[in-house]
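Q: My questions will all concern the structure given below.
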Amino acid sequence: MPADPELDLRGRWIRRLGALREMLPGSFVERSRRCGKPTCRCAEGKELHPEFLLSVLVEGKPKTFHVPAELADEVRSKVELRKRFEEAAAQIAHLNLRRFLRRKESR
């Protein structure tokens, strides 16, 4: 039986998904804000402090979690992993659809 290049491609995509097991749902948000201290450099609105947030749906409701600055890069990359997962899953589903339609037509 000849090798099926689409099956090989699907297998590679599926194997790559294992690397995404650390993914996080939601959106990573970075914004600037004032801290509220009247004598701080940010009080006049010029040199604002960075704030990092993870915004997710929990039981269908939006929820926002503060992300400490030292974890911001890690959380940002884990949210990006979820986006790559969704892209890979869509590619696999489309490949499976093409295979199904070809099989259906050959009956």
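We label chains A, B, ... in the order they appear in the structure tokens, count residues from 1 in each chain, and number ligands from 1 in the order shown.
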What's the 7 Å shell around segment 22-24 of chain A, counting only C-alpha atoms, without same-chain residues fewer than 6 positions away, as number ranges by chain?
A: A: 78-79, 81-82
Q: Could you give me, as a PDB file with N, CA and C atoms, in the first residue's frame, the residues within 12 Å of Phe85 of chain A, counting only C-alpha atoms and dropping anything in the same chain fewer than 4 positions from it?
A:
```pdb
ATOM      1  N   TRP A  13       1.280  16.746  12.498  1.00  0.00           N
ATOM      2  CA  TRP A  13       0.529  17.760  13.252  1.00  0.00           C
ATOM      3  C   TRP A  13       0.097  17.223  14.614  1.00  0.00           C
ATOM      4  N   ILE A  14      -0.370  15.995  14.637  1.00  0.00           N
ATOM      5  CA  ILE A  14      -0.824  15.396  15.896  1.00  0.00           C
ATOM      6  C   ILE A  14       0.342  15.233  16.864  1.00  0.00           C
ATOM      7  N   ARG A  15       1.495  14.808  16.363  1.00  0.00           N
ATOM      8  CA  ARG A  15       2.659  14.660  17.241  1.00  0.00           C
ATOM      9  C   ARG A  15       3.091  16.010  17.817  1.00  0.00           C
ATOM     10  N   ARG A  16       2.967  17.080  17.037  1.00  0.00           N
ATOM     11  CA  ARG A  16       3.328  18.413  17.521  1.00  0.00           C
ATOM     12  C   ARG A  16       2.402  18.888  18.633  1.00  0.00           C
ATOM     13  N   LEU A  17       1.172  18.410  18.642  1.00  0.00           N
ATOM     14  CA  LEU A  17       0.224  18.848  19.662  1.00  0.00           C
ATOM     15  C   LEU A  17       0.680  18.474  21.065  1.00  0.00           C
ATOM     16  N   GLY A  18       1.430  17.409  21.199  1.00  0.00           N
ATOM     17  CA  GLY A  18       1.933  17.003  22.508  1.00  0.00           C
ATOM     18  C   GLY A  18       2.807  18.074  23.142  1.00  0.00           C
ATOM     19  N   ALA A  19       3.502  18.843  22.319  1.00  0.00           N
ATOM     20  CA  ALA A  19       4.362  19.910  22.833  1.00  0.00           C
ATOM     21  C   ALA A  19       3.540  21.067  23.389  1.00  0.00           C
ATOM     22  N   LEU A  20       2.240  21.066  23.141  1.00  0.00           N
ATOM     23  CA  LEU A  20       1.392  22.175  23.554  1.00  0.00           C
ATOM     24  C   LEU A  20       0.681  21.915  24.885  1.00  0.00           C
ATOM     25  N   ARG A  21       1.091  20.910  25.616  1.00  0.00           N
ATOM     26  CA  ARG A  21       0.368  20.533  26.833  1.00  0.00           C
ATOM     27  C   ARG A  21       0.421  21.602  27.928  1.00  0.00           C
ATOM     28  N   GLU A  22       1.292  22.583  27.812  1.00  0.00           N
ATOM     29  CA  GLU A  22       1.384  23.651  28.810  1.00  0.00           C
ATOM     30  C   GLU A  22       0.544  24.871  28.439  1.00  0.00           C
ATOM     31  N   MET A  23      -0.299  24.767  27.416  1.00  0.00           N
ATOM     32  CA  MET A  23      -1.041  25.930  26.938  1.00  0.00           C
ATOM     33  C   MET A  23      -2.049  26.420  27.980  1.00  0.00           C
ATOM     34  N   LEU A  24      -2.356  27.711  27.885  1.00  0.00           N
ATOM     35  CA  LEU A  24      -3.342  28.335  28.755  1.00  0.00           C
ATOM     36  C   LEU A  24      -4.468  28.913  27.903  1.00  0.00           C
ATOM     37  N   PRO A  25      -5.692  28.895  28.428  1.00  0.00           N
ATOM     38  CA  PRO A  25      -6.802  29.499  27.697  1.00  0.00           C
ATOM     39  C   PRO A  25      -6.800  31.014  27.861  1.00  0.00           C
ATOM     40  N   LYS A  78       2.441  30.767  26.861  1.00  0.00           N
ATOM     41  CA  LYS A  78       1.490  29.655  27.026  1.00  0.00           C
ATOM     42  C   LYS A  78       0.136  29.964  26.394  1.00  0.00           C
ATOM     43  N   VAL A  79      -0.262  31.231  26.394  1.00  0.00           N
ATOM     44  CA  VAL A  79      -1.490  31.619  25.699  1.00  0.00           C
ATOM     45  C   VAL A  79      -1.275  31.492  24.190  1.00  0.00           C
ATOM     46  N   GLU A  80      -0.089  31.856  23.717  1.00  0.00           N
ATOM     47  CA  GLU A  80       0.233  31.718  22.291  1.00  0.00           C
ATOM     48  C   GLU A  80       0.217  30.239  21.877  1.00  0.00           C
ATOM     49  N   LEU A  81       0.635  29.349  22.779  1.00  0.00           N
ATOM     50  CA  LEU A  81       0.575  27.913  22.479  1.00  0.00           C
ATOM     51  C   LEU A  81      -0.856  27.468  22.200  1.00  0.00           C
ATOM     52  N   ALA A  89      -5.384  22.201  15.101  1.00  0.00           N
ATOM     53  CA  ALA A  89      -6.627  21.428  15.120  1.00  0.00           C
ATOM     54  C   ALA A  89      -7.474  21.748  13.886  1.00  0.00           C
ATOM     55  N   ALA A  90      -7.516  23.012  13.493  1.00  0.00           N
ATOM     56  CA  ALA A  90      -8.275  23.391  12.297  1.00  0.00           C
ATOM     57  C   ALA A  90      -7.664  22.763  11.046  1.00  0.00           C
ATOM     58  N   GLN A  91      -6.336  22.735  10.959  1.00  0.00           N
ATOM     59  CA  GLN A  91      -5.670  22.116   9.808  1.00  0.00           C
ATOM     60  C   GLN A  91      -5.992  20.623   9.743  1.00  0.00           C
ATOM     61  N   ILE A  92      -5.947  19.954  10.890  1.00  0.00           N
ATOM     62  CA  ILE A  92      -6.242  18.522  10.928  1.00  0.00           C
ATOM     63  C   ILE A  92      -7.696  18.277  10.507  1.00  0.00           C
TER      64      ILE A  92
END
```
Q: Using atom CA of Cys35 of chain A and atom CA of Ser55 of chain A as the two end points, give the distance in Å to one decimal.
A: 20.4 Å
Q: Have a look at atom CA of Phe65 of chain A and atom CA of Glu30 of chain A and let me know their distance in Å, one decimal.
A: 11.9 Å
Q: So how many Å separate atom CA of Glu59 of chain A and atom CA of Ala72 of chain A, to one decimal?
A: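 Those two atoms sit 24.2 Å apart.
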Q: Extract the full set of strand (DSSP E) residues from chain A according to DSSP on the backbone, and format it as a PyMOL selection string.
A: chain A and resi 27-33+49-58+61-66
Q: Near Glu51 of chain A, within 10 Å and counting only C-alpha atoms, which residues show up once chain neighbours fewer than 3 positions away are dropped, as a PDB file with C-alpha atoms, in the first residue's frame?
A:
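Done, and the output landed in selection_29.pdb:
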```
ATOM      1  CA  VAL A  29      -3.370  41.542  28.289  1.00  0.00           C
ATOM      2  CA  GLU A  30      -0.637  44.086  28.933  1.00  0.00           C
ATOM      3  CA  ARG A  31      -1.612  47.606  29.849  1.00  0.00           C
ATOM      4  CA  SER A  32      -0.243  50.629  31.674  1.00  0.00           C
ATOM      5  CA  ARG A  33      -1.781  52.073  34.813  1.00  0.00           C
ATOM      6  CA  ARG A  34      -1.287  54.383  37.763  1.00  0.00           C
ATOM      7  CA  CYS A  35      -0.527  52.762  41.108  1.00  0.00           C
ATOM      8  CA  LEU A  48       2.831  54.476  34.096  1.00  0.00           C
ATOM      9  CA  HIS A  66      -3.392  39.350  37.687  1.00  0.00           C
ATOM     10  CA  VAL A  67      -0.089  38.020  36.333  1.00  0.00           C
ATOM     11  CA  PRO A  68       3.078  38.928  38.274  1.00  0.00           C
ATOM     12  CA  ALA A  69       5.664  40.675  36.084  1.00  0.00           C
ATOM     13  CA  ALA A  72       4.395  37.620  32.216  1.00  0.00           C
TER      14      ALA A  72
END
```
